[in-house]
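**Q** Supplied structure: query22.cif, mmCIF, C-alpha atoms.
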```cif
data_entry
loop_
_atom_site.label_atom_id
_atom_site.label_comp_id
_atom_site.auth_asym_id
_atom_site.auth_seq_id
_atom_site.Cartn_x
_atom_site.Cartn_y
_atom_site.Cartn_z
CA MET H 21 21.21 -20.45 -9.33
CA GLN H 22 22.24 -17.67 -7.00
CA SER H 23 21.49 -17.46 -3.34
CA GLU H 24 21.88 -14.99 -0.53
CA ILE H 25 21.23 -15.25 3.21
CA ARG H 26 19.58 -11.97 4.23
CA ASN H 27 18.77 -10.23 7.54
CA ARG H 28 21.35 -12.13 9.55
CA PRO H 29 21.54 -13.04 12.33
CA SER H 30 18.15 -12.42 13.96
CA PHE H 31 15.69 -12.95 11.13
CA ALA H 32 17.79 -14.77 8.56
CA ASN H 33 16.04 -15.93 5.41
CA ILE H 34 17.31 -17.31 2.11
CA LYS H 35 16.65 -15.56 -1.17
CA VAL H 36 17.28 -17.83 -4.13
CA ASN H 37 17.26 -16.69 -7.75
CA LEU H 38 16.46 -19.66 -9.95
CA GLY H 39 17.14 -19.86 -13.67
CA PRO H 40 15.07 -21.96 -16.10
CA GLY H 41 15.14 -25.61 -15.02
CA ASP H 42 16.93 -24.92 -11.71
CA LYS H 43 15.81 -26.98 -8.74
CA ILE H 44 16.06 -26.70 -4.98
CA LEU H 45 14.74 -28.96 -2.23
CA ALA H 46 13.39 -27.46 0.96
CA GLU H 47 11.89 -28.52 4.26
CA ALA H 48 8.07 -28.62 4.16
CA GLY H 49 6.52 -25.29 5.14
CA SER H 50 9.69 -23.23 4.67
CA MET H 51 8.52 -21.18 1.68
CA ALA H 52 7.70 -17.54 2.52
CA SER H 53 7.11 -16.22 -0.99
CA MET H 54 8.04 -16.95 -4.61
CA SER H 55 7.53 -15.98 -8.22
CA SER H 56 4.69 -17.67 -10.03
CA SER H 57 7.14 -19.21 -12.53
CA ILE H 58 8.19 -21.67 -9.81
CA ASN H 59 6.39 -24.97 -9.33
CA ILE H 60 6.19 -26.93 -6.12
CA ALA H 61 6.17 -30.71 -6.08
CA THR H 62 5.81 -32.51 -2.77
CA ARG H 63 7.39 -35.90 -2.24
CA TRP H 64 8.29 -38.32 0.52
CA ASN H 65 11.46 -37.35 2.30
CA GLY H 66 13.41 -40.27 0.74
CA GLY H 67 10.86 -43.10 0.50
CA VAL H 68 7.99 -43.92 2.84
CA PHE H 69 9.95 -45.73 5.54
CA LYS H 70 12.86 -43.37 5.51
CA ALA H 71 10.45 -40.44 5.70
CA LEU H 72 8.69 -42.02 8.67
CA ALA H 73 12.01 -42.61 10.38
CA LYS H 74 13.12 -39.05 9.75
CA ARG H 75 9.85 -37.72 11.10
CA PHE H 76 10.05 -39.64 14.34
CA PHE H 77 13.75 -39.78 14.97
CA ALA H 78 15.22 -36.66 13.41
CA ASN H 79 12.33 -34.25 13.89
CA GLU H 80 12.17 -33.57 10.16
CA SER H 81 9.00 -33.52 8.07
CA PHE H 82 7.54 -36.53 6.31
CA PHE H 83 7.60 -34.59 3.12
CA ILE H 84 10.01 -32.43 1.28
CA ASN H 85 9.19 -29.82 -1.33
CA GLU H 86 10.94 -29.64 -4.66
CA PHE H 87 10.90 -26.18 -6.24
CA THR H 88 11.49 -26.08 -9.97
CA ALA H 89 11.69 -22.89 -12.01
CA ALA H 90 10.06 -22.87 -15.43
CA ASN H 91 11.49 -19.39 -16.04
CA ASP H 92 13.68 -16.99 -14.08
CA GLY H 93 12.20 -16.49 -10.67
CA GLU H 94 12.92 -15.85 -7.03
CA LEU H 95 12.15 -17.91 -3.97
CA VAL H 96 12.34 -16.86 -0.31
CA LEU H 97 12.82 -19.61 2.28
CA THR H 98 12.66 -19.14 6.03
CA GLN H 99 12.51 -21.07 9.30
CA THR H 100 9.82 -21.13 11.98
CA PHE H 101 11.79 -19.34 14.69
CA PRO H 102 13.97 -16.23 14.59
CA GLY H 103 17.65 -16.95 14.17
CA ASP H 104 20.58 -17.37 11.87
CA ILE H 105 21.00 -19.52 8.75
CA GLU H 106 24.29 -20.97 7.48
CA CYS H 107 25.28 -22.71 4.29
CA PHE H 108 28.03 -25.16 3.47
CA GLU H 109 28.97 -26.77 0.21
CA LEU H 110 29.64 -30.48 0.04
CA THR H 111 32.00 -31.94 -2.54
CA GLY H 112 31.32 -35.63 -2.10
CA ASN H 113 31.84 -35.51 1.65
CA THR H 114 29.34 -35.95 4.49
CA MET H 115 28.10 -33.72 7.31
CA TYR H 116 25.76 -34.43 10.21
CA LEU H 117 22.90 -32.07 11.14
CA GLN H 118 21.06 -32.09 14.43
CA PRO H 119 17.30 -32.86 14.41
CA GLY H 120 15.28 -29.95 13.01
CA ALA H 121 18.25 -27.94 11.69
CA PHE H 122 17.88 -28.83 8.02
CA LEU H 123 16.31 -26.17 5.76
CA ALA H 124 17.19 -26.69 2.11
CA CYS H 125 19.65 -28.29 -0.31
CA GLU H 126 20.60 -28.52 -3.95
CA PRO H 127 19.39 -31.60 -5.89
CA GLY H 128 22.82 -33.31 -5.73
CA ILE H 129 22.50 -33.83 -1.99
CA SER H 130 21.04 -36.94 -0.42
CA LEU H 131 19.49 -36.95 3.03
CA GLY H 132 19.88 -39.96 5.26
CA LEU H 133 19.40 -40.88 8.86
CA GLY H 134 22.35 -41.71 11.05
CA TRP H 135 22.47 -43.30 14.49
CA ALA H 136 23.86 -40.72 16.88
CA GLY H 137 24.10 -42.93 19.94
CA ILE H 138 22.81 -43.07 23.48
CA ALA H 139 25.26 -40.40 24.61
CA SER H 140 23.77 -37.96 22.16
CA TYR H 141 20.25 -38.87 23.33
CA VAL H 142 21.05 -38.34 26.99
CA GLY H 143 22.53 -34.97 26.10
CA ARG H 144 19.20 -34.00 24.51
CA GLU H 145 20.88 -33.94 21.12
CA GLY H 146 18.65 -36.73 19.77
CA LEU H 147 19.11 -40.45 19.21
CA PHE H 148 19.48 -39.90 15.50
CA ARG H 149 21.01 -37.25 13.33
CA LEU H 150 20.48 -36.22 9.75
CA LYS H 151 23.26 -37.30 7.43
CA VAL H 152 23.76 -35.06 4.41
CA SER H 153 26.07 -36.20 1.66
CA GLY H 154 26.71 -35.67 -2.03
CA THR H 155 27.62 -32.59 -4.02
CA GLY H 156 26.03 -29.18 -3.62
CA LYS H 157 24.95 -26.60 -1.09
CA VAL H 158 23.11 -27.32 2.16
CA TRP H 159 21.35 -24.66 4.22
CA PHE H 160 20.56 -25.12 7.88
CA GLY H 161 19.34 -22.88 10.65
CA GLY H 162 19.32 -22.40 14.37
CA TYR H 163 17.69 -20.30 17.03
CA GLY H 164 20.27 -17.61 17.81
CA GLY H 165 23.49 -16.84 15.98
CA ILE H 166 25.45 -19.63 14.28
CA PHE H 167 29.21 -19.82 14.47
CA GLU H 168 31.69 -22.41 13.32
CA LYS H 169 34.68 -23.78 15.14
CA GLU H 170 37.56 -26.00 14.10
CA VAL H 171 38.06 -28.50 16.89
CA GLU H 172 41.53 -29.97 17.09
CA ALA H 173 41.37 -32.19 20.13
CA ASP H 174 38.74 -31.87 22.86
CA TYR H 175 36.05 -29.25 23.19
CA VAL H 176 33.05 -28.88 25.49
CA VAL H 177 29.62 -27.67 24.30
CA ASP H 178 26.53 -27.14 26.45
CA THR H 179 23.65 -29.47 25.54
CA GLY H 180 21.32 -28.19 22.85
CA HIS H 181 23.85 -25.86 21.24
CA LEU H 182 25.49 -28.18 18.72
CA ILE H 183 23.75 -28.04 15.34
CA ALA H 184 26.10 -29.51 12.74
CA TYR H 185 29.42 -31.34 12.62
CA ASP H 186 31.87 -33.28 10.51
CA PRO H 187 31.69 -37.10 10.57
CA THR H 188 35.21 -37.13 12.02
CA ILE H 189 33.83 -35.62 15.23
CA GLY H 190 33.22 -37.95 18.14
CA ILE H 191 30.54 -37.14 20.70
CA LYS H 192 30.46 -38.10 24.37
CA MET H 193 28.40 -36.88 27.26
CA GLY H 194 30.03 -35.67 30.39
CA LEU H 195 29.56 -33.62 33.50
CA ALA H 196 30.51 -30.00 33.24
CA GLY H 197 32.84 -30.24 36.19
CA GLY H 198 32.85 -32.16 39.44
CA LEU H 199 29.58 -33.58 40.77
CA PHE H 200 28.87 -30.47 42.86
CA SER H 201 29.59 -27.83 40.26
CA SER H 202 27.76 -29.81 37.55
CA PHE H 203 24.54 -29.67 39.54
CA PHE H 204 24.84 -26.17 40.91
CA SER H 205 26.59 -24.31 38.11
CA GLY H 206 23.55 -24.54 35.88
CA GLU H 207 25.59 -26.32 33.23
CA GLY H 208 24.65 -29.88 34.20
CA LEU H 209 25.44 -32.26 31.38
CA VAL H 210 27.63 -31.08 28.57
CA THR H 211 28.61 -32.55 25.23
CA ARG H 212 32.25 -33.47 24.94
CA VAL H 213 33.33 -33.15 21.35
CA LYS H 214 36.45 -34.87 20.08
CA GLY H 215 38.13 -33.65 16.92
CA PRO H 216 39.70 -33.09 14.57
CA GLY H 217 36.88 -31.58 12.56
CA LYS H 218 34.49 -28.69 12.16
CA ILE H 219 31.44 -28.02 14.33
CA TYR H 220 28.65 -25.44 14.08
CA LEU H 221 27.13 -24.01 17.25
CA GLN H 222 24.04 -21.92 17.93
CA SER H 223 24.32 -19.10 20.47
CA ARG H 224 20.86 -19.78 21.96
CA SER H 225 18.55 -22.78 22.06
CA LEU H 226 14.79 -22.99 21.70
CA ASP H 227 14.63 -25.13 24.85
CA GLY H 228 16.52 -22.37 26.65
CA LEU H 229 13.97 -19.81 25.50
CA ALA H 230 11.12 -22.09 26.60
CA ALA H 231 12.69 -22.58 30.04
CA TRP H 232 13.24 -18.85 30.44
CA THR H 233 9.70 -18.04 29.28
CA ASN H 234 8.23 -20.68 31.60
CA SER H 235 9.94 -19.05 34.56
CA HIS H 236 8.08 -15.82 33.74
CA LEU H 237 4.61 -17.25 33.15
CA MET Q 35 9.72 15.70 8.92
CA GLN Q 36 12.74 13.45 8.82
CA HIS Q 37 13.05 9.93 10.06
CA GLU Q 38 15.54 7.16 10.59
CA ILE Q 39 14.89 3.49 11.36
CA ILE Q 40 17.42 2.30 13.88
CA ALA Q 41 18.43 -1.16 15.18
CA ARG Q 42 17.09 -3.10 12.20
CA SER Q 43 15.95 -5.75 11.72
CA ALA Q 44 15.29 -7.51 15.03
CA ALA Q 45 14.80 -4.60 17.42
CA SER Q 46 13.81 -1.75 15.11
CA ALA Q 47 12.63 1.64 16.31
CA ALA Q 48 11.60 4.66 14.23
CA GLN Q 49 13.23 7.94 15.19
CA ILE Q 50 11.12 10.79 13.86
CA GLN Q 51 12.26 14.41 13.78
CA LEU Q 52 9.35 16.85 14.04
CA ALA Q 53 9.34 20.54 13.18
CA ASP Q 54 7.11 22.96 15.06
CA GLY Q 55 3.46 22.10 14.44
CA GLU Q 56 4.03 18.75 12.76
CA THR Q 57 1.95 15.79 13.91
CA VAL Q 58 2.39 12.02 13.84
CA THR Q 59 -0.47 9.66 14.67
CA CYS Q 60 0.68 6.45 16.38
CA GLU Q 61 -0.65 3.17 17.61
CA ILE Q 62 -1.40 3.26 21.35
CA GLY Q 63 1.57 2.24 23.47
CA SER Q 64 4.16 2.58 20.73
CA MET Q 65 6.00 5.62 22.15
CA ILE Q 66 9.41 4.69 23.56
CA ALA Q 67 10.80 8.17 24.23
CA MET Q 68 10.29 11.75 23.10
CA SER Q 69 11.47 15.33 23.59
CA SER Q 70 9.66 17.34 26.21
CA ASP Q 71 8.02 19.81 23.83
CA ILE Q 72 5.68 17.34 22.19
CA ASN Q 73 2.01 17.50 22.93
CA VAL Q 74 0.19 14.16 23.26
CA GLU Q 75 -3.49 13.91 22.51
CA THR Q 76 -5.52 10.70 22.64
CA THR Q 77 -8.64 10.49 20.53
CA SER Q 78 -10.79 7.86 18.95
CA PHE Q 79 -10.57 9.54 15.56
CA GLU Q 80 -7.97 10.90 13.22
CA ARG Q 81 -6.97 14.50 13.32
CA GLY Q 82 -8.25 16.33 10.31
CA SER Q 83 -11.39 14.26 9.98
CA LYS Q 84 -13.95 16.52 11.61
CA LYS Q 85 -16.39 14.01 12.96
CA PRO Q 86 -15.43 11.58 15.72
CA GLY Q 87 -15.93 8.36 13.75
CA MET Q 88 -17.44 5.81 16.09
CA LEU Q 89 -17.75 3.36 13.24
CA LYS Q 90 -14.11 3.77 12.28
CA SER Q 91 -13.02 3.09 15.84
CA ILE Q 92 -15.10 -0.05 16.01
CA LYS Q 93 -13.70 -1.18 12.70
CA ARG Q 94 -10.20 -0.43 13.92
CA MET Q 95 -10.69 -2.79 16.85
CA PHE Q 96 -11.63 -5.57 14.46
CA VAL Q 97 -8.37 -4.99 12.63
CA GLY Q 98 -6.45 -5.78 15.79
CA GLU Q 99 -5.56 -2.17 16.45
CA SER Q 100 -6.74 -0.10 19.38
CA TRP Q 101 -9.92 1.95 19.80
CA PHE Q 102 -7.79 4.99 20.54
CA LEU Q 103 -5.02 6.70 18.64
CA ASN Q 104 -2.24 8.90 19.98
CA HIS Q 105 -1.38 12.15 18.23
CA PHE Q 106 2.06 13.59 18.87
CA THR Q 107 2.39 17.26 17.92
CA ALA Q 108 5.60 19.25 18.23
CA ILE Q 109 5.03 22.62 19.90
CA GLN Q 110 8.65 23.72 19.47
CA ALA Q 111 11.17 23.29 16.67
CA ASP Q 112 13.39 20.16 16.45
CA GLN Q 113 11.55 17.61 18.53
CA THR Q 114 12.36 13.89 18.44
CA LEU Q 115 9.91 11.04 18.83
CA LEU Q 116 11.03 7.43 19.17
CA ILE Q 117 8.43 4.72 18.49
CA GLY Q 118 8.46 0.95 18.22
CA PRO Q 119 6.15 -2.08 18.50
CA GLN Q 120 6.06 -4.43 21.50
CA GLN Q 121 7.35 -7.54 19.78
CA LEU Q 122 10.69 -8.13 18.11
CA GLY Q 123 10.73 -7.21 14.47
CA ASP Q 124 11.33 -4.79 11.67
CA ILE Q 125 9.92 -1.35 10.80
CA ILE Q 126 9.77 0.25 7.37
CA CYS Q 127 8.65 3.65 6.16
CA HIS Q 128 6.45 3.69 3.06
CA PRO Q 129 6.09 7.04 1.29
CA LEU Q 130 2.37 7.10 0.48
CA ARG Q 131 1.47 9.23 -2.53
CA THR Q 132 -1.31 8.49 -4.96
CA THR Q 133 -1.71 4.71 -4.68
CA ALA Q 134 -3.50 3.48 -1.57
CA LEU Q 135 -1.78 0.84 0.57
CA ILE Q 136 -3.64 -2.12 2.10
CA VAL Q 137 -2.01 -3.07 5.39
CA GLN Q 138 -2.42 -6.32 7.34
CA GLY Q 139 -4.21 -5.66 10.64
CA GLY Q 140 -1.65 -5.13 13.38
CA SER Q 141 1.15 -3.99 11.07
CA TRP Q 142 0.16 -0.32 11.12
CA LEU Q 143 2.42 1.60 13.49
CA ALA Q 144 2.14 5.30 12.66
CA SER Q 145 1.34 7.79 9.94
CA THR Q 146 1.97 11.46 9.37
CA ASP Q 147 -0.67 14.11 8.84
CA GLY Q 148 -2.51 13.76 5.57
CA ILE Q 149 -2.99 10.01 5.74
CA GLU Q 150 -6.38 8.54 6.43
CA ILE Q 151 -6.70 5.03 7.81
CA ASP Q 152 -9.78 2.89 7.57
CA ALA Q 153 -10.64 -0.79 7.87
CA THR Q 154 -11.53 -2.66 4.71
CA PHE Q 155 -12.79 -6.09 3.91
CA GLN Q 156 -10.91 -8.09 1.30
CA GLY Q 157 -13.52 -10.73 0.56
CA LEU Q 158 -14.70 -13.73 2.55
CA GLY Q 159 -12.26 -16.25 1.10
CA ASN Q 160 -9.29 -14.03 1.82
CA ALA Q 161 -10.60 -13.21 5.27
CA LEU Q 162 -10.87 -16.85 6.26
CA PHE Q 163 -7.86 -18.38 4.58
CA SER Q 164 -5.13 -15.77 4.13
CA GLY Q 165 -3.71 -16.36 7.61
CA GLU Q 166 -4.16 -12.65 8.32
CA GLY Q 167 -7.09 -10.93 10.02
CA ILE Q 168 -10.59 -10.56 8.65
CA PHE Q 169 -10.22 -6.83 8.12
CA TRP Q 170 -7.34 -4.95 6.60
CA ILE Q 171 -6.33 -1.32 7.01
CA LYS Q 172 -6.59 0.87 3.98
CA CYS Q 173 -4.27 3.88 4.02
CA THR Q 174 -4.99 6.71 1.63
CA GLY Q 175 -3.71 10.25 1.17
CA SER Q 176 -0.20 11.60 1.05
CA GLY Q 177 2.49 11.31 3.71
CA ASP Q 178 4.80 8.82 5.40
CA LEU Q 179 3.51 5.54 6.74
CA PHE Q 180 5.33 3.37 9.30
CA LEU Q 181 4.68 -0.37 9.32
CA ASN Q 182 6.00 -3.06 11.63
CA SER Q 183 6.26 -6.85 11.41
CA PHE Q 184 7.46 -10.00 13.10
CA GLY Q 185 10.61 -10.82 11.14
CA ALA Q 186 12.44 -8.72 8.59
CA ILE Q 187 10.40 -6.85 5.98
CA TYR Q 188 11.33 -7.25 2.34
CA GLU Q 189 9.91 -5.49 -0.66
CA VAL Q 190 8.82 -7.14 -3.88
CA GLU Q 191 7.96 -5.25 -7.07
CA VAL Q 192 5.21 -7.40 -8.49
CA ASP Q 193 4.59 -7.27 -12.20
CA GLY Q 194 2.32 -10.09 -13.26
CA GLU Q 195 2.00 -12.81 -10.66
CA TYR Q 196 3.63 -13.55 -7.31
CA THR Q 197 2.93 -16.08 -4.54
CA VAL Q 198 3.16 -15.42 -0.79
CA ASP Q 199 2.67 -18.03 1.92
CA THR Q 200 -0.21 -17.31 4.28
CA GLY Q 201 0.86 -15.26 7.28
CA HIS Q 202 3.70 -13.48 5.48
CA ILE Q 203 1.89 -10.45 4.02
CA VAL Q 204 2.59 -7.05 5.58
CA ALA Q 205 1.09 -4.66 3.04
CA TYR Q 206 0.42 -4.21 -0.67
CA GLU Q 207 -0.52 -1.44 -3.06
CA GLU Q 208 -4.10 -1.23 -4.17
CA THR Q 209 -3.07 -1.90 -7.76
CA LEU Q 210 -2.47 -5.50 -6.69
CA GLU Q 211 -5.06 -8.03 -5.69
CA PHE Q 212 -4.76 -11.52 -4.36
CA LYS Q 213 -6.69 -14.73 -4.17
CA VAL Q 214 -6.11 -17.60 -1.80
CA GLY Q 215 -5.29 -20.82 -3.60
CA LYS Q 216 -3.45 -24.09 -3.18
CA SER Q 217 0.33 -24.09 -3.32
CA ASN Q 218 0.84 -27.17 -5.47
CA ALA Q 219 -0.79 -28.21 -8.70
CA SER Q 220 -2.24 -31.13 -6.73
CA VAL Q 221 -4.52 -30.88 -3.69
CA ILE Q 222 -2.73 -33.70 -1.86
CA GLY Q 223 0.63 -32.04 -2.41
CA SER Q 224 -0.67 -28.74 -1.08
CA LEU Q 225 -1.83 -30.41 2.10
CA LEU Q 226 1.19 -32.60 2.67
CA GLY Q 227 3.89 -30.17 1.60
CA GLY Q 228 3.32 -27.97 4.60
CA GLU Q 229 2.65 -24.93 2.44
CA GLY Q 230 -1.07 -25.58 2.29
CA LEU Q 231 -2.81 -22.47 1.07
CA VAL Q 232 -0.95 -19.54 -0.41
CA CYS Q 233 -1.89 -16.00 -1.47
CA LYS Q 234 -1.55 -15.46 -5.21
CA PHE Q 235 -1.07 -11.84 -6.18
CA THR Q 236 -1.77 -10.40 -9.59
CA GLY Q 237 -1.30 -6.92 -11.03
CA SER Q 238 1.60 -4.54 -10.79
CA GLY Q 239 2.70 -2.69 -7.69
CA LYS Q 240 4.65 -2.88 -4.49
CA LEU Q 241 4.29 -5.71 -1.98
CA TYR Q 242 5.83 -5.94 1.49
CA CYS Q 243 6.37 -9.37 3.07
CA GLN Q 244 7.65 -10.44 6.46
CA SER Q 245 10.41 -13.06 6.57
CA HIS Q 246 8.94 -14.91 9.56
CA ASN Q 247 5.49 -16.02 10.55
CA PRO Q 248 4.31 -15.42 14.14
CA GLN Q 249 1.92 -18.38 13.99
CA SER Q 250 4.67 -20.82 12.97
CA PHE Q 251 6.86 -19.53 15.77
CA GLY Q 252 3.98 -19.99 18.20
CA ARG Q 253 3.53 -23.58 17.04
CA ALA Q 254 7.28 -24.26 17.53
CA LEU Q 255 7.51 -22.72 20.98
CA GLY Q 256 4.00 -23.32 22.34
CA PRO Q 257 4.30 -27.07 23.08
CA LYS Q 258 7.42 -26.41 25.17
CA LEU Q 259 5.64 -23.94 27.45
CA ASN Q 260 3.94 -24.87 30.73
CA PRO Q 261 0.16 -24.58 30.87
CA ARG Q 262 -0.87 -21.55 32.90
#
```
Give the structure from this file in structure tokens form.

**A**
Amino acid sequence: MQSEIRNRPSFANIKVNLGPGDKILAEAGSMASMSSSINIATRWNGGVFKALAKRFFANESFFINEFTAANDGELVLTQTFPGDIECFELTGNTMYLQPGAFLACEPGISLGLGWAGIASYVGREGLFRLKVSGTGKVWFGGYGGIFEKEVEADYVVDTGHLIAYDPTIGIKMGLAGGLFSSFFSGEGLVTRVKGPGKIYLQSRSLDGLAAWTNSHL
Amino acid sequence: MQHEIIARSAASAAQIQLADGETVTCEIGSMIAMSSDINVETTSFERGSKKPGMLKSIKRMFVGESWFLNHFTAIQADQTLLIGPQQLGDIICHPLRTTALIVQGGSWLASTDGIEIDATFQGLGNALFSGEGIFWIKCTGSGDLFLNSFGAIYEVEVDGEYTVDTGHIVAYEETLEFKVGKSNASVIGSLLGGEGLVCKFTGSGKLYCQSHNPQSFGRALGPKLNPR
């Protein structure tokens, strides 16, 4: 299986070349086009109850699609909004994804739901997060560009911009500055990230776009 | 005529170099900038076709294009015309020769002299379920054709069969045809898997797809917007 992320960063999409018998799992509705040698099977996103939980708490779909190639074929996967797509490869370790960021993974990956905490919820990062673990590649996307950062000690991220992070990362909510500047600087609440570990950020957020658009309607 | 597509893929514009006497026909409102020695003429019909086609104009409105067309003609040597669509997205240039191209309504941006555009109907099933408009634009003749999309445009050489999700078709050569069908072997799977109906192409020829789907984006953003 070979894959390539094309048209980065504004209209990123994943082109996957599958060999006979190759499999890839993708978020429901993410297929843009594919060869006819590929079959789609739809299944619960990890059992009925887990799927329900993921739907309501992690903003993921009930169902997940499994694409299997009978012969050589290509598959193009995309996300609903314009933006960048990133990929990381897990080798038995775990990563956390923010609600809605997950796009696709190799069959060796398992998707679970992890409690993110009240702090995360208050920061509009969601009460739960998607836990990806196992061996293989994971693709995830964001609205805007995606960049990664190695956090050594403390780091501050505006709410809604964190999309993936190592399990070694601790998350706390905080004010951007003093009480006055937090309310009038336009930063308000921020996410305080504690390392060491890797985080992925998106340069824009869909809520930001919605707020900006609303101000022009 | 020479051209260059700049600022791909999110904010594309087509920069067209016109020699004296050369004409490009564009979608209304697509001109961004141009040299001063270009003559602009607005008509409801294509240049070259002698009769003002009322029917064609009406059909064009059904396709999601405008009643009127703008014709840009260079009246001096070395004139530059810069065109682009209103929304974010990609532009490609398709060299049209012998095989006609069927374009999704709204994706036609401009064409050079020698190309005729007309609305066509691709069957009731396709009209209702393909996620595109009811009518399509059929481009015939010989020249350069500029198409735009929401999302990046990618090209697929189809030989045999190929599947495209509804809402992702930009254009395809007439040697291809498609039918709307379910995405999974099972009906339940098709409904639940979020792919629902897909367009299944058969034949051999060139197919252009767009990486993103404006309707999906609308569904993601829409609920976050205030009611007007």

**Q** Residues of chain Q within 6 Å of chain H, using only C-alpha atoms, as a list of chain:residue names?

**A**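 The selection requested is Q:Ala44, Q:Gly185, Q:Ala186, Q:Glu195, Q:Tyr196, Q:Thr197, Q:Val198, Q:Asp199, Q:Asn218, Q:Gly223, Q:Gly227, Q:Gly228, Q:Glu229, Q:Ser250, Q:Phe251, Q:Lys258, Q:Leu259.
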
**Q** With a distance cut-off of 8 Å and only C-alpha atoms, select the neighbouring residues of Gln36 of chain Q, excluding the residue or stretch itself and same-chain residues fewer than 2 positions from it, and output the selection as a VMD selection string.

**A** chain Q and resid 38 50 to 52

**Q** Mind writing the picked residues with C-alpha atoms as a short mmCIF file (atom, residue, chain, number, x, y, z; two decimals), keeping the file's coordinate frame?

**A**
```cif
data_model
loop_
_atom_site.label_atom_id
_atom_site.label_comp_id
_atom_site.auth_asym_id
_atom_site.auth_seq_id
_atom_site.Cartn_x
_atom_site.Cartn_y
_atom_site.Cartn_z
CA GLU Q 38 15.54 7.16 10.59
CA ILE Q 50 11.12 10.79 13.86
CA GLN Q 51 12.26 14.41 13.78
CA LEU Q 52 9.35 16.85 14.04
#
```

**Q** Taking the file as shown, what set of residues would the PyMOL selection byres ((chain Q and resi 204) around 10) give back, as number ranges by chain?

**A** Q: 136-142, 166, 181-184, 187-189, 201-203, 205-206, 241-245

**Q** Could you turn the residues from that selection into a file that holds C-alpha atoms, as a PDB file, in the coordinates of the input?

**A**
```pdb
ATOM      1  CA  ILE Q 136      -3.640  -2.120   2.100  1.00  0.00           C
ATOM      2  CA  VAL Q 137      -2.010  -3.070   5.390  1.00  0.00           C
ATOM      3  CA  GLN Q 138      -2.420  -6.320   7.340  1.00  0.00           C
ATOM      4  CA  GLY Q 139      -4.210  -5.660  10.640  1.00  0.00           C
ATOM      5  CA  GLY Q 140      -1.650  -5.130  13.380  1.00  0.00           C
ATOM      6  CA  SER Q 141       1.150  -3.990  11.070  1.00  0.00           C
ATOM      7  CA  TRP Q 142       0.160  -0.320  11.120  1.00  0.00           C
ATOM      8  CA  GLU Q 166      -4.160 -12.650   8.320  1.00  0.00           C
ATOM      9  CA  LEU Q 181       4.680  -0.370   9.320  1.00  0.00           C
ATOM     10  CA  ASN Q 182       6.000  -3.060  11.630  1.00  0.00           C
ATOM     11  CA  SER Q 183       6.260  -6.850  11.410  1.00  0.00           C
ATOM     12  CA  PHE Q 184       7.460 -10.000  13.100  1.00  0.00           C
ATOM     13  CA  ILE Q 187      10.400  -6.850   5.980  1.00  0.00           C
ATOM     14  CA  TYR Q 188      11.330  -7.250   2.340  1.00  0.00           C
ATOM     15  CA  GLU Q 189       9.910  -5.490  -0.660  1.00  0.00           C
ATOM     16  CA  GLY Q 201       0.860 -15.260   7.280  1.00  0.00           C
ATOM     17  CA  HIS Q 202       3.700 -13.480   5.480  1.00  0.00           C
ATOM     18  CA  ILE Q 203       1.890 -10.450   4.020  1.00  0.00           C
ATOM     19  CA  ALA Q 205       1.090  -4.660   3.040  1.00  0.00           C
ATOM     20  CA  TYR Q 206       0.420  -4.210  -0.670  1.00  0.00           C
ATOM     21  CA  LEU Q 241       4.290  -5.710  -1.980  1.00  0.00           C
ATOM     22  CA  TYR Q 242       5.830  -5.940   1.490  1.00  0.00           C
ATOM     23  CA  CYS Q 243       6.370  -9.370   3.070  1.00  0.00           C
ATOM     24  CA  GLN Q 244       7.650 -10.440   6.460  1.00  0.00           C
ATOM     25  CA  SER Q 245      10.410 -13.060   6.570  1.00  0.00           C
TER      26      SER Q 245
END
```

**Q** Could you check which of Q:Gly230, Q:Gly215, Q:Pro119, Q:Gly256 is closest to Ser46 of chain Q, using only C-alpha atoms?

**A**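 Closest candidate: Q:Pro119.
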
**Q** Give me the residues near Gly177 of chain Q as a PyMOL selection string, where near means some atom within 7 Å (using only C-alpha atoms) and where sequence neighbours in that chain fewer than 3 positions away do not count.

**A** chain Q and resi 129-131+146-149

**Q** Quote the spacing between atom CA of Gln113 of chain Q and atom CA of Ser70 of chain Q in Å to one decimal place.

**A**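 Interatomic distance, atom CA of Gln113 of chain Q to atom CA of Ser70 of chain Q: 7.9 Å.
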
**Q** Write out N, CA and C atoms for segment 187-192 of chain H, as a CSV table (one decimal), in the coordinates of the input.

**A**
```csv
chain,number,residue,atom,x,y,z
H,187,PRO,N,31.8,-35.7,10.1
H,187,PRO,CA,31.7,-37.1,10.6
H,187,PRO,C,32.9,-37.5,11.4
H,188,THR,N,34.0,-36.8,11.3
H,188,THR,CA,35.2,-37.1,12.0
H,188,THR,C,35.1,-36.8,13.5
H,189,ILE,N,34.0,-36.1,13.8
H,189,ILE,CA,33.8,-35.6,15.2
H,189,ILE,C,33.2,-36.7,16.1
H,190,GLY,N,33.8,-37.0,17.2
H,190,GLY,CA,33.2,-38.0,18.1
H,190,GLY,C,32.5,-37.2,19.2
H,191,ILE,N,31.4,-37.8,19.7
H,191,ILE,CA,30.5,-37.1,20.7
H,191,ILE,C,30.4,-38.0,22.0
H,192,LYS,N,30.6,-37.4,23.1
H,192,LYS,CA,30.5,-38.1,24.4
H,192,LYS,C,29.8,-37.2,25.3
```
